[in-house]
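Colleague: What follows is a single structure, and I will ask about it in a moment.
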Amino acid sequence: MYDTIVTPAEVVVVGAGMVAHRFVESLLSRAQTPLHVTVIGDEGRRPYDRIALAGIAAGGAAGDLELDRSVFDDFRVRFLADDRALRIDRAARTVMTRSRVVVPYDTLVLATGSYAPRLAIEGADLPGCFSDRTLDDVEALARFAAHRRRALGRRLRAAVIGSGSQGAEIVAALQGVASTRVEHSETRVSRLVPEESGAVAALRFDDGETEAVDLVVLSAHPRPRDELARNANLQVAERGGVVIDDRCTTSDPHILAIGEVAHFEGRCVARVAPGYAMAEVAATRILGGHAAFPGFDRPFDGSFPSTRTTGHGGPAAGEESTAVIVIGELAESGMLRPAWTRIAEGVG
């Protein structure tokens with residue numbers, strides 16, 4: 001008599017941010033059959049808490065932001081760091097990466113998040129100008145600010161340009177820096193003016209006025225990173241975002257999209273709490289369960305099997321919990337940040 005051989009399901013996740021991490025955690029914790037998960041991330045880091053980047057500006061260590069390592073250390077997970085996904089072959093069900101690795105999938109999950117578009121300001125690439133999107137960005141900003149403050153021997157003047165929300169929080173956390181907010185959509189900055197060393201030294205406005213600065217944070221409103229989906233001829237909304245249904249399924253039944261890249265009921269939302277809800281729904285559907293994303297403005301009722309979670313304000317390892325996703329102003333206020341805007345109830 002021969003033993004039955006069960007072929008593991010191959011799940012590929014493009015993106016290695018907070019939502020991707022939550023999806024993999026949920027999938028692995030509830031899987032009852034063999035599976036392999038390949039995660040493709042274009043940063044050379046493991047997933048970290050992007051919401052808490054201001055902590056790095058305040059002098060915190062990068063390791064403090066890292067999410068639970070045990071998720072990607074699981075023997076069922078292969079993590080391809082610093083290797084961007086370049087092409088989806090929907091017919092062959094494969095993803096090709098920048099290093100020319102070809103990864104086959106049974107189910108593909110797009111968790112590519114969003115990006116900050118380049119603001120059309122002359123001088124935006126001068127030394128002393130920084131984005132606020134990644135841990136590398138904020139570490140470079142903090143190093144520059146510390147060096148600049150020592151060189152000048154005084155409090156620095158910083159400007160946050162753009163409508164993004166994170167830049168102001170990061171600058172406020174810097175030591176010895178006074179900041180001013182410049183909404184690019186309302187007060188037009190015509191160019192950034194360098195000093196003799198080449199670093200940014202002033203803002204010049206359309207009316208000819210100038211304002212002295214020592215560093216600038218460009219904080220553009222994020223846009224969904226949907227180019228991979230566009231190139232694969234998936235349905236993409238006119239203003240951006242991969243169109244999904246309430247099961248997080250795209251126009252290809254073998255491809256799901258979750259988080260900031262997902263376009264649902266006419267919009268994308270750059271918030272982590274709905275992304276976590278989508279991650280739970282996607283994991284539940286892949287595991288054969290029934291779950292539906294309720295929308296960006298309605299709370300997820302947690303109607304899926306209980307999961308095991310660790311770290312970042314959740315239950316201790318091995319404890320059972322029922323996840324309740326909090327969506328809306330409370331989740332975005334920072335009041336729930338220690339728990340990733342996710343509350344665990346019924347522990348024990």
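Quick note on naming: the chains in the structure tokens go A, B, ... in the order shown, residues restart at 1 in each chain, and ligands are numbered from 1 in order of appearance.
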For Ser190 of chain A, please output as a VMD selection string all residues within 6 Å (counting only C-alpha atoms; exclusion window: fewer than 6 positions along the same chain).

Modeller: chain A and resid 204 to 206

Colleague: Could you give me, as an mmCIF file with N, CA, C and O atoms, in the first residue's frame, the residues within 8 Å of Pro47 of chain A, counting only C-alpha atoms and dropping anything in the same chain fewer than 3 positions from it?

Modeller:
data_model
loop_
_atom_site.group_PDB
_atom_site.id
_atom_site.type_symbol
_atom_site.label_atom_id
_atom_site.label_comp_id
_atom_site.auth_asym_id
_atom_site.auth_seq_id
_atom_site.Cartn_x
_atom_site.Cartn_y
_atom_site.Cartn_z
ATOM 1 N N ALA A 16 6.350 43.152 1.144
ATOM 2 C CA ALA A 16 6.761 42.631 2.449
ATOM 3 C C ALA A 16 6.559 43.693 3.527
ATOM 4 O O ALA A 16 7.413 43.878 4.395
ATOM 5 N N GLY A 17 5.422 44.368 3.461
ATOM 6 C CA GLY A 17 5.099 45.373 4.458
ATOM 7 C C GLY A 17 4.249 44.805 5.574
ATOM 8 O O GLY A 17 4.155 43.595 5.774
ATOM 9 N N MET A 18 3.594 45.688 6.301
ATOM 10 C CA MET A 18 2.812 45.294 7.462
ATOM 11 C C MET A 18 1.627 44.410 7.080
ATOM 12 O O MET A 18 1.319 43.429 7.759
ATOM 13 N N HIS A 21 2.842 40.930 6.041
ATOM 14 C CA HIS A 21 3.223 40.191 7.240
ATOM 15 C C HIS A 21 1.989 39.657 7.954
ATOM 16 O O HIS A 21 1.948 38.495 8.377
ATOM 17 N N GLU A 66 10.886 46.234 14.019
ATOM 18 C CA GLU A 66 10.737 44.983 13.284
ATOM 19 C C GLU A 66 9.558 44.170 13.804
ATOM 20 O O GLU A 66 9.356 44.032 15.006
ATOM 21 N N LEU A 67 8.774 43.656 12.886
ATOM 22 C CA LEU A 67 7.636 42.827 13.246
ATOM 23 C C LEU A 67 8.114 41.419 13.613
ATOM 24 O O LEU A 67 9.272 41.068 13.417
#

Colleague: Any idea what's packed within 9 Å of Leu203 of chain A, counting only C-alpha atoms, ignoring anything in its chain fewer than 3 positions away? Could you give it as a list in words?

Modeller: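 Listed by chain and then number, they are Ala159, Val189, Ser190, Arg191, Leu192, Val193, Val200, Glu209, Thr210, Glu211, Ala212 and Val213 of chain A.
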
Colleague: Return as a PyMOL selection string the full set of residues in segment 100-242 of chain A whose backbone-based DSSP assignment is strand (DSSP E).

Modeller: chain A and resi 102-104+107-110+114-115+129-131+156-161+177-182+189-194+200-205+210-212+215-218+223-224+242

Colleague: Write a file of the just-selected residues containing N, CA and C atoms, as a compact mmCIF listing (two decimals), in the first residue's frame.

Modeller:
# COMPACT_ATOMS: atom_id res chain seq x y z
N VAL A 102 12.27 32.93 -11.12
CA VAL A 102 10.89 32.69 -11.56
C VAL A 102 10.19 31.86 -10.50
N VAL A 103 9.12 32.42 -9.95
CA VAL A 103 8.43 31.78 -8.83
C VAL A 103 7.03 31.36 -9.27
N PRO A 104 6.72 30.07 -9.26
CA PRO A 104 5.37 29.62 -9.63
C PRO A 104 4.38 29.82 -8.48
N THR A 107 -1.79 30.61 -5.98
CA THR A 107 -2.47 31.86 -5.66
C THR A 107 -1.43 32.94 -5.47
N LEU A 108 -1.66 34.08 -6.09
CA LEU A 108 -0.77 35.23 -5.98
C LEU A 108 -1.50 36.32 -5.20
N VAL A 109 -0.81 36.90 -4.23
CA VAL A 109 -1.38 37.99 -3.42
C VAL A 109 -0.54 39.24 -3.63
N LEU A 110 -1.18 40.28 -4.15
CA LEU A 110 -0.49 41.55 -4.35
C LEU A 110 -0.68 42.42 -3.10
N SER A 114 1.81 51.35 -1.44
CA SER A 114 1.73 52.63 -2.15
C SER A 114 3.12 53.24 -2.26
N TYR A 115 3.22 54.31 -3.01
CA TYR A 115 4.48 55.03 -3.15
C TYR A 115 4.19 56.53 -3.06
N CYS A 129 17.15 67.00 1.31
CA CYS A 129 15.74 66.75 0.97
C CYS A 129 15.49 65.25 1.10
N PHE A 130 14.43 64.90 1.80
CA PHE A 130 14.18 63.50 2.11
C PHE A 130 12.71 63.14 1.91
N SER A 131 12.49 61.87 1.60
CA SER A 131 11.14 61.31 1.59
C SER A 131 10.83 60.79 2.99
N LEU A 156 17.80 73.58 14.07
CA LEU A 156 17.58 73.55 12.62
C LEU A 156 16.17 74.01 12.27
N ARG A 157 16.05 74.48 11.02
CA ARG A 157 14.75 74.87 10.47
C ARG A 157 14.38 73.86 9.38
N ALA A 158 13.25 73.24 9.55
CA ALA A 158 12.82 72.21 8.59
C ALA A 158 11.47 72.57 8.00
N ALA A 159 11.27 72.16 6.76
CA ALA A 159 9.98 72.35 6.09
C ALA A 159 9.45 71.00 5.64
N VAL A 160 8.17 70.77 5.87
CA VAL A 160 7.49 69.58 5.37
C VAL A 160 6.60 70.03 4.23
N ILE A 161 6.89 69.54 3.04
CA ILE A 161 6.17 69.97 1.85
C ILE A 161 5.30 68.82 1.36
N VAL A 177 15.08 70.55 16.15
CA VAL A 177 14.57 70.97 14.85
C VAL A 177 13.24 71.69 15.03
N ALA A 178 13.10 72.85 14.43
CA ALA A 178 11.84 73.57 14.40
C ALA A 178 11.26 73.41 12.99
N SER A 179 10.01 72.98 12.89
CA SER A 179 9.45 72.67 11.58
C SER A 179 8.32 73.62 11.21
N THR A 180 8.10 73.74 9.91
CA THR A 180 6.96 74.47 9.39
C THR A 180 6.34 73.64 8.29
N ARG A 181 5.03 73.62 8.22
CA ARG A 181 4.32 72.80 7.24
C ARG A 181 3.98 73.66 6.02
N VAL A 182 4.30 73.18 4.85
CA VAL A 182 3.96 73.87 3.61
C VAL A 182 3.12 72.93 2.77
N VAL A 189 5.45 76.23 -3.93
CA VAL A 189 6.90 76.37 -3.83
C VAL A 189 7.46 76.23 -5.23
N SER A 190 8.08 77.26 -5.73
CA SER A 190 8.57 77.22 -7.11
C SER A 190 9.88 76.44 -7.22
N ARG A 191 10.73 76.56 -6.18
CA ARG A 191 11.99 75.81 -6.23
C ARG A 191 12.63 75.79 -4.86
N LEU A 192 13.58 74.86 -4.70
CA LEU A 192 14.40 74.78 -3.51
C LEU A 192 15.78 75.31 -3.86
N VAL A 193 16.27 76.22 -3.03
CA VAL A 193 17.50 76.94 -3.33
C VAL A 193 18.66 76.34 -2.54
N PRO A 194 19.78 76.02 -3.20
CA PRO A 194 20.92 75.44 -2.47
C PRO A 194 21.85 76.52 -1.92
N VAL A 200 20.29 71.99 0.48
CA VAL A 200 19.14 72.89 0.45
C VAL A 200 19.29 73.97 1.52
N ALA A 201 18.93 75.23 1.16
CA ALA A 201 19.08 76.35 2.10
C ALA A 201 17.83 77.21 2.21
N ALA A 202 16.93 77.12 1.22
CA ALA A 202 15.76 78.00 1.26
C ALA A 202 14.67 77.48 0.34
N LEU A 203 13.43 77.86 0.65
CA LEU A 203 12.29 77.65 -0.22
C LEU A 203 12.01 78.95 -0.95
N ARG A 204 11.72 78.86 -2.21
CA ARG A 204 11.30 80.04 -2.97
C ARG A 204 9.88 79.81 -3.46
N PHE A 205 8.99 80.76 -3.15
CA PHE A 205 7.59 80.63 -3.50
C PHE A 205 7.29 81.34 -4.82
N THR A 210 10.94 84.12 -0.01
CA THR A 210 11.78 82.98 0.33
C THR A 210 11.69 82.69 1.82
N GLU A 211 12.01 81.46 2.18
CA GLU A 211 12.04 81.04 3.59
C GLU A 211 13.27 80.16 3.79
N ALA A 212 14.11 80.54 4.74
CA ALA A 212 15.34 79.79 5.01
C ALA A 212 15.01 78.45 5.65
N LEU A 215 16.68 71.70 6.23
CA LEU A 215 16.32 70.40 5.66
C LEU A 215 14.85 70.42 5.26
N VAL A 216 14.51 69.55 4.32
CA VAL A 216 13.16 69.49 3.77
C VAL A 216 12.70 68.03 3.74
N VAL A 217 11.45 67.80 4.16
CA VAL A 217 10.84 66.49 4.02
C VAL A 217 9.72 66.60 3.00
N LEU A 218 9.79 65.80 1.95
CA LEU A 218 8.78 65.77 0.90
C LEU A 218 7.78 64.68 1.25
N ARG A 223 0.22 57.05 -3.46
CA ARG A 223 -0.59 56.48 -4.54
C ARG A 223 -0.34 54.98 -4.62
N PRO A 224 -1.33 54.21 -5.02
CA PRO A 224 -1.16 52.75 -5.05
C PRO A 224 -0.09 52.32 -6.05
N VAL A 242 -5.67 48.32 -7.81
CA VAL A 242 -6.12 47.06 -8.40
C VAL A 242 -7.54 46.78 -7.92

Colleague: Show me, as a list in words, the residues that have an atom within 10 Å of Tyr48 of chain A when counting only C-alpha atoms, minus same-chain residues fewer than 2 positions from it.

Modeller: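 Non-adjacent residues within range: Ala16, Gly17, Met18, His21, Arg45, Arg46, Arg50, Ile51, Ala52, Leu53, Ala62, Gly63, Asp64, Leu65, Glu66, Leu67, Asp68, Arg69, Thr134 and Leu135 of chain A.
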
Colleague: Generate the output file for the selected residues, all heavy atoms, as a short mmCIF file (atom, residue, chain, number, x, y, z; two decimals), in the first residue's frame.

Modeller:
data_model
loop_
_atom_site.label_atom_id
_atom_site.label_comp_id
_atom_site.auth_asym_id
_atom_site.auth_seq_id
_atom_site.Cartn_x
_atom_site.Cartn_y
_atom_site.Cartn_z
N ALA A 16 6.35 43.15 1.14
CA ALA A 16 6.76 42.63 2.45
C ALA A 16 6.56 43.69 3.53
O ALA A 16 7.41 43.88 4.40
CB ALA A 16 8.21 42.18 2.41
N GLY A 17 5.42 44.37 3.46
CA GLY A 17 5.10 45.37 4.46
C GLY A 17 4.25 44.81 5.57
O GLY A 17 4.15 43.59 5.77
N MET A 18 3.59 45.69 6.30
CA MET A 18 2.81 45.29 7.46
C MET A 18 1.63 44.41 7.08
O MET A 18 1.32 43.43 7.76
CB MET A 18 2.32 46.54 8.20
CG MET A 18 3.45 47.39 8.77
SD MET A 18 2.88 48.97 9.44
CE MET A 18 2.00 48.40 10.91
N HIS A 21 2.84 40.93 6.04
CA HIS A 21 3.22 40.19 7.24
C HIS A 21 1.99 39.66 7.95
O HIS A 21 1.95 38.50 8.38
CB HIS A 21 4.03 41.11 8.16
CG HIS A 21 4.53 40.46 9.40
ND1 HIS A 21 3.76 40.35 10.55
CD2 HIS A 21 5.73 39.87 9.70
CE1 HIS A 21 4.46 39.74 11.48
NE2 HIS A 21 5.66 39.44 11.00
N ARG A 45 15.10 44.56 3.95
CA ARG A 45 14.78 44.41 5.36
C ARG A 45 13.58 43.48 5.51
O ARG A 45 12.79 43.31 4.59
CB ARG A 45 14.40 45.75 5.99
CG ARG A 45 15.49 46.81 5.97
CD ARG A 45 14.96 48.08 6.61
NE ARG A 45 15.93 49.17 6.58
CZ ARG A 45 16.81 49.43 7.52
NH1 ARG A 45 16.86 48.64 8.59
NH2 ARG A 45 17.64 50.45 7.44
N ARG A 46 13.46 42.94 6.71
CA ARG A 46 12.25 42.23 7.08
C ARG A 46 11.15 43.25 7.35
O ARG A 46 11.43 44.44 7.53
CB ARG A 46 12.50 41.36 8.31
CG ARG A 46 13.34 40.13 8.04
CD ARG A 46 13.74 39.43 9.32
NE ARG A 46 14.39 38.16 9.04
CZ ARG A 46 13.77 36.98 9.05
NH1 ARG A 46 12.48 36.92 9.33
NH2 ARG A 46 14.43 35.87 8.79
N ARG A 50 5.74 50.59 9.83
CA ARG A 50 5.90 51.87 9.14
C ARG A 50 5.20 53.01 9.86
O ARG A 50 5.57 54.17 9.70
CB ARG A 50 5.37 51.76 7.71
CG ARG A 50 6.15 50.80 6.83
CD ARG A 50 5.56 50.72 5.43
NE ARG A 50 6.22 49.70 4.63
CZ ARG A 50 7.33 49.88 3.93
NH1 ARG A 50 7.91 51.06 3.94
NH2 ARG A 50 7.87 48.90 3.24
N ILE A 51 4.18 52.70 10.62
CA ILE A 51 3.45 53.74 11.32
C ILE A 51 4.32 54.42 12.37
O ILE A 51 4.16 55.59 12.69
CB ILE A 51 2.18 53.16 11.99
CG1 ILE A 51 1.25 52.58 10.93
CG2 ILE A 51 1.44 54.22 12.78
CD1 ILE A 51 0.05 51.88 11.52
N ALA A 52 5.28 53.68 12.91
CA ALA A 52 6.11 54.18 14.01
C ALA A 52 7.45 54.71 13.55
O ALA A 52 8.39 54.78 14.35
CB ALA A 52 6.31 53.07 15.04
N LEU A 53 7.57 55.13 12.29
CA LEU A 53 8.85 55.61 11.78
C LEU A 53 9.36 56.84 12.54
O LEU A 53 10.57 57.08 12.61
CB LEU A 53 8.74 55.94 10.29
CG LEU A 53 8.76 54.74 9.33
CD1 LEU A 53 8.48 55.19 7.92
CD2 LEU A 53 10.10 54.01 9.42
N ALA A 62 16.33 50.71 14.69
CA ALA A 62 15.54 50.05 13.66
C ALA A 62 14.95 48.74 14.14
O ALA A 62 13.83 48.37 13.77
CB ALA A 62 16.38 49.84 12.41
N GLY A 63 15.69 48.03 14.97
CA GLY A 63 15.21 46.74 15.47
C GLY A 63 13.94 46.85 16.29
O GLY A 63 13.17 45.89 16.39
N ASP A 64 13.71 48.03 16.87
CA ASP A 64 12.51 48.22 17.67
C ASP A 64 11.24 48.17 16.82
O ASP A 64 10.15 47.94 17.33
CB ASP A 64 12.56 49.56 18.42
CG ASP A 64 13.69 49.62 19.42
OD1 ASP A 64 14.16 48.54 19.86
OD2 ASP A 64 14.11 50.74 19.78
N LEU A 65 11.38 48.44 15.53
CA LEU A 65 10.23 48.50 14.64
C LEU A 65 9.95 47.16 13.95
O LEU A 65 8.90 46.98 13.33
CB LEU A 65 10.44 49.56 13.56
CG LEU A 65 9.97 50.98 13.89
CD1 LEU A 65 10.68 51.52 15.11
CD2 LEU A 65 10.20 51.90 12.69
N GLU A 66 10.89 46.23 14.02
CA GLU A 66 10.74 44.98 13.28
C GLU A 66 9.56 44.17 13.80
O GLU A 66 9.36 44.03 15.01
CB GLU A 66 12.02 44.16 13.38
CG GLU A 66 12.00 42.93 12.49
CD GLU A 66 13.36 42.25 12.44
OE1 GLU A 66 14.35 42.91 12.09
OE2 GLU A 66 13.41 41.05 12.77
N LEU A 67 8.77 43.66 12.89
CA LEU A 67 7.64 42.83 13.25
C LEU A 67 8.11 41.42 13.61
O LEU A 67 9.27 41.07 13.42
CB LEU A 67 6.63 42.78 12.09
CG LEU A 67 6.13 44.14 11.58
CD1 LEU A 67 5.05 43.94 10.52
CD2 LEU A 67 5.61 45.00 12.73
N ASP A 68 7.21 40.63 14.12
CA ASP A 68 7.52 39.30 14.64
C ASP A 68 8.31 38.47 13.62
O ASP A 68 7.81 38.08 12.57
CB ASP A 68 6.20 38.60 14.98
CG ASP A 68 6.39 37.21 15.56
OD1 ASP A 68 7.54 36.84 15.85
OD2 ASP A 68 5.38 36.51 15.73
N ARG A 69 9.58 38.20 13.95
CA ARG A 69 10.46 37.47 13.03
C ARG A 69 10.03 36.03 12.81
O ARG A 69 10.33 35.43 11.77
CB ARG A 69 11.90 37.48 13.56
CG ARG A 69 12.56 38.83 13.57
CD ARG A 69 13.99 38.73 14.08
NE ARG A 69 14.84 37.97 13.17
CZ ARG A 69 15.56 38.52 12.20
NH1 ARG A 69 15.52 39.82 12.00
NH2 ARG A 69 16.33 37.76 11.43
N THR A 134 10.14 55.22 3.90
CA THR A 134 10.77 53.98 4.34
C THR A 134 11.69 54.21 5.54
O THR A 134 12.05 55.35 5.87
CB THR A 134 11.60 53.34 3.22
OG1 THR A 134 12.76 54.14 2.98
CG2 THR A 134 10.78 53.22 1.93
N LEU A 135 12.07 53.11 6.15
CA LEU A 135 13.00 53.17 7.27
C LEU A 135 14.34 53.74 6.82
O LEU A 135 14.98 54.53 7.54
CB LEU A 135 13.17 51.77 7.85
CG LEU A 135 14.04 51.59 9.09
CD1 LEU A 135 13.65 52.56 10.18
CD2 LEU A 135 13.94 50.15 9.58
#

Colleague: Within 8 Å of segment 163-176 of chain A, counting only C-alpha atoms, which residues qualify if same-chain residues fewer than 6 places away don't, as a ChimeraX atom specification?

Modeller: /A:53-55,57-59,131-132,138,142,145,149,154-156,183-185,217-222

Colleague: Could you save those same residues with N, CA and C atoms as a short mmCIF file (atom, residue, chain, number, x, y, z; two decimals), in the first residue's frame?

Modeller:
data_model
loop_
_atom_site.label_atom_id
_atom_site.label_comp_id
_atom_site.auth_asym_id
_atom_site.auth_seq_id
_atom_site.Cartn_x
_atom_site.Cartn_y
_atom_site.Cartn_z
N LEU A 53 7.57 55.13 12.29
CA LEU A 53 8.85 55.61 11.78
C LEU A 53 9.36 56.84 12.54
N ALA A 54 8.45 57.62 13.11
CA ALA A 54 8.88 58.79 13.87
C ALA A 54 9.78 58.40 15.03
N GLY A 55 9.64 57.17 15.53
CA GLY A 55 10.50 56.71 16.61
C GLY A 55 11.96 56.68 16.22
N ALA A 57 13.34 58.82 14.08
CA ALA A 57 13.75 60.23 14.10
C ALA A 57 14.03 60.69 15.52
N ALA A 58 13.35 60.09 16.49
CA ALA A 58 13.54 60.46 17.90
C ALA A 58 14.72 59.76 18.54
N GLY A 59 15.44 58.94 17.77
CA GLY A 59 16.61 58.27 18.30
C GLY A 59 16.44 56.79 18.54
N SER A 131 12.49 61.87 1.60
CA SER A 131 11.14 61.31 1.59
C SER A 131 10.83 60.79 2.99
N ASP A 132 9.58 60.41 3.21
CA ASP A 132 9.17 59.92 4.54
C ASP A 132 8.56 58.53 4.46
N VAL A 138 14.10 57.58 6.71
CA VAL A 138 14.09 58.25 8.00
C VAL A 138 15.44 58.13 8.70
N ALA A 142 17.59 61.36 9.87
CA ALA A 142 18.08 61.55 11.23
C ALA A 142 19.59 61.77 11.26
N ALA A 145 20.29 65.34 9.94
CA ALA A 145 19.89 66.36 10.90
C ALA A 145 20.91 66.47 12.03
N ARG A 149 23.10 69.78 12.54
CA ARG A 149 22.94 70.54 13.80
C ARG A 149 24.30 70.76 14.46
N ARG A 154 23.28 75.19 16.09
CA ARG A 154 22.01 75.83 16.45
C ARG A 154 20.85 74.90 16.10
N ARG A 155 19.66 75.34 16.50
CA ARG A 155 18.44 74.61 16.17
C ARG A 155 18.19 74.70 14.67
N LEU A 156 17.80 73.58 14.07
CA LEU A 156 17.58 73.55 12.62
C LEU A 156 16.17 74.01 12.27
N GLU A 183 1.83 73.18 2.70
CA GLU A 183 0.96 72.35 1.86
C GLU A 183 1.20 72.71 0.40
N HIS A 184 1.79 71.79 -0.32
CA HIS A 184 2.18 72.07 -1.69
C HIS A 184 0.99 72.42 -2.57
N SER A 185 -0.18 71.88 -2.25
CA SER A 185 -1.36 72.14 -3.08
C SER A 185 -1.91 73.54 -2.86
N VAL A 217 11.45 67.80 4.16
CA VAL A 217 10.84 66.49 4.02
C VAL A 217 9.72 66.60 3.00
N LEU A 218 9.79 65.80 1.95
CA LEU A 218 8.78 65.77 0.90
C LEU A 218 7.78 64.68 1.25
N SER A 219 6.57 65.09 1.56
CA SER A 219 5.57 64.17 2.10
C SER A 219 4.34 64.16 1.21
N ALA A 220 4.50 63.64 0.00
CA ALA A 220 3.40 63.60 -0.95
C ALA A 220 2.36 62.58 -0.54
N HIS A 221 1.10 62.83 -0.90
CA HIS A 221 0.04 61.87 -0.61
C HIS A 221 0.31 60.59 -1.40
N PRO A 222 0.29 59.43 -0.74
CA PRO A 222 0.68 58.19 -1.41
C PRO A 222 -0.31 57.76 -2.49
#

Colleague: Residues within 8 Å of Ala199 of chain A, please, as an MDAnalysis selection string. Count only C-alpha atoms; anything in the same chain fewer than 2 positions from it doesn't count.

Modeller: chainID A and resid 126:128 194:197 201

Colleague: Check the smallest atom-to-atom distance from each of A:Glu122, A:Glu43, A:Asp214, A:Asp83 to Phe144 of chain A using only C-alpha atoms, then report the winner.

Modeller: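 Closest candidate: A:Asp214.
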
Colleague: I'd like the contact shell of segment 225-241 of chain A - 9 Å cut-off, only C-alpha atoms, skipping same-chain residues fewer than 5 positions apart - returned as a list of chain:residue names.

Modeller: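 The neighbour list is A:Ala85, A:Leu86, A:Arg87, A:Ile88, A:Asp89, A:Arg90, A:Leu110, A:Thr112, A:Gly113, A:Ser114, A:Tyr115, A:Thr250, A:Ser251, A:Asp252, A:Glu260, A:Val261, A:Ala262, A:His263, A:Phe264, A:Gly266, A:Arg267, A:Cys268.
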